[in-house]
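Colleague: Sharing a structure, written as structure tokens. Questions coming.
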Amino acid sequence: MSRRVALYARVSTKGQTLENQLAELRVVCERNSWDVVQVFTDFGIPGAKGRSQRSGLDALLKGIVRREFDQVVVWSIDRLGRSLQDLIAVLNELRQKRCDLYIHKQALDTNTPSGKMLFQMLGVFAEFEREIIRERTVAGQQRARKQGKRIGRRSVIDDTLRTQALRLRSGGHSLRDIGGRLNVSAATVLKALVDGNSDRNGRRDAKC
């Protein structure tokens with residue numbers, strides 16, 4: 001049974017041509033008796049652009065989900081994405097739907113044992129990259145704290161909000177109602193009330 005194949009080609013600038021890639025891929029498909037059922041392209045779009053800005057790639061991934069073909073054929077690995085994370089995202093879509101991938105320039109075919117092994121190694125490298133990014137983020141936050149810098153969003157709770165929340169709560173208003181009046185969430189109101197009561201108790205203890 002012939003394999004249903006989708007071709008994908010992309011060029012970064014409008015001075016380049018898609019046909020060079022597609023012509024070579026069609027020769028590969030003919031040599032392997034693969035049936036080309038769809039062709040997807042992105043013209044003049046850099047590889048750094050995400051799926052939302054690459055209509056051809058988006059349509060390809062939707063076709064994978066709908067199981068419209070058995071294998072995706074591309075000329076080079078960087079046609080799918082410039083970052084490891086982008087590449088892994090595409091490969092995960094393929095793996096989940098049991099759709100194979102053939103990359104001509106790197107001679108990678110996930111339908112072979114060596115291709116499957118490389119596919120798994122790419123997943124390991126992606127996890128390694130995520131860990132490196134996480135460690136750098138944590139180290140940066142720790143360094144910023146030592147320098148006295150604030151991490152995260154600035155709290156919307158101030159003395160005015162606490163006073164207004166306490167007054168409205170004393171009047172019998174619900175947390176949701178207070179939040180609507182003060183344009184904050186009910187959770188923020190609750191925190192403001194807890195902080196306000198803590199401040200009151202602190203002042204009362206200081207007087208004793």
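Every chain in the structure tokens has a letter given in the order shown (A, B, ...), and although residue numbers restart at 1 in each chain, ligands are simply numbered from 1 in the order shown.
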With a distance cut-off of 10 Å and only C-alpha atoms, select the neighbouring residues of Ser76 (chain A), excluding the residue or stretch itself and same-chain residues fewer than 5 positions from it, and output the selection as JSON, numbers by chain.

Modeller: {"A": [8, 9, 10, 21, 81, 102, 103, 104, 105, 106, 107, 108]}

Colleague: Skipping near chain neighbours, those fewer than 5 positions away, what residues fall within 9 Å of Arg98 (chain A) using only C-alpha atoms, listed as number ranges by chain?

Modeller: A: 64, 67, 70-71, 93

Colleague: Take the selection from the previous step and output its residues with C-alpha atoms, as a PDB file, in the first residue's frame.

Modeller:
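The result, stored in selection.pdb:
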ATOM      1  CA  ILE A  64      -1.772  15.720  10.743  1.00  0.00           C
ATOM      2  CA  ARG A  67      -4.839  11.965   9.726  1.00  0.00           C
ATOM      3  CA  ASP A  70       0.892   9.023   6.677  1.00  0.00           C
ATOM      4  CA  GLN A  71       4.140  10.959   6.326  1.00  0.00           C
ATOM      5  CA  GLU A  93       2.139  16.324  16.783  1.00  0.00           C
TER       6      GLU A  93
END

Colleague: Tell me, which residues of region 9-120 of chain A carry DSSP strand (DSSP E or B), written as a list in words?

Modeller: Ala9, Arg10, Val11, Asp35, Val36, Val37, Gln38, Val39, Phe40, Thr41, Asp42, Phe43, Gln71, Val72, Val73, Val74, Asp100, Leu101, Tyr102, Ile103, Leu108 and Asp109 of chain A

Colleague: Create the file for the chosen residues now, containing C-alpha atoms and written as a PDB file, in the first residue's frame.

Modeller:
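part15.pdb, written as the output of this step:
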ATOM      1  CA  ALA A   9       8.413  23.796   1.840  1.00  0.00           C
ATOM      2  CA  ARG A  10       9.344  27.236   3.174  1.00  0.00           C
ATOM      3  CA  VAL A  11      11.597  30.083   2.046  1.00  0.00           C
ATOM      4  CA  ASP A  35       1.812   9.145  -3.140  1.00  0.00           C
ATOM      5  CA  VAL A  36       1.895  12.956  -2.736  1.00  0.00           C
ATOM      6  CA  VAL A  37      -1.619  13.910  -1.625  1.00  0.00           C
ATOM      7  CA  GLN A  38      -1.038  17.496  -0.382  1.00  0.00           C
ATOM      8  CA  VAL A  39       1.549  20.268  -0.653  1.00  0.00           C
ATOM      9  CA  PHE A  40       1.919  22.996   1.983  1.00  0.00           C
ATOM     10  CA  THR A  41       4.116  26.075   1.608  1.00  0.00           C
ATOM     11  CA  ASP A  42       5.114  29.283   3.388  1.00  0.00           C
ATOM     12  CA  PHE A  43       6.628  31.938   1.144  1.00  0.00           C
ATOM     13  CA  GLN A  71       4.140  10.959   6.326  1.00  0.00           C
ATOM     14  CA  VAL A  72       5.455  14.516   6.058  1.00  0.00           C
ATOM     15  CA  VAL A  73       8.376  15.175   3.713  1.00  0.00           C
ATOM     16  CA  VAL A  74      10.536  18.294   4.011  1.00  0.00           C
ATOM     17  CA  ASP A 100       6.184   9.724  10.053  1.00  0.00           C
ATOM     18  CA  LEU A 101       8.654  12.410   8.986  1.00  0.00           C
ATOM     19  CA  TYR A 102      11.262  12.336   6.239  1.00  0.00           C
ATOM     20  CA  ILE A 103      13.895  15.107   6.144  1.00  0.00           C
ATOM     21  CA  LEU A 108      16.279  11.425   8.624  1.00  0.00           C
ATOM     22  CA  ASP A 109      13.336   9.044   8.332  1.00  0.00           C
TER      23      ASP A 109
END

Colleague: What's the 10 Å shell around Leu161 (chain A), counting only C-alpha atoms, without same-chain residues fewer than 6 positions away, as a list in words?

Modeller: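 My reading of the contact set: Arg167, Leu182, Val184, Thr188, Val189, Ala192, Leu193 and Gly196 of chain A.
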
Colleague: Which one is closest to Leu22 (chain A): A:Leu61, A:Ile157, A:Met121, A:Leu7? Count only C-alpha atoms.

Modeller: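 Among the listed residues, A:Leu7 lies closest to Leu22 (chain A).
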
Colleague: From region 10-113 of chain A, collect each residue whose DSSP state is alpha helix (DSSP H) and return the set as a PyMOL selection string.

Modeller: chain A and resi 19-31+55-65+84-96+113

Colleague: Here is a test: counting only C-alpha atoms, which residue of A:His173, A:Arg145, A:Arg31, A:Gln120 is nearest to Ile88 (chain A)?

Modeller: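 The answer is A:Gln120, which sits nearest to Ile88 (chain A).
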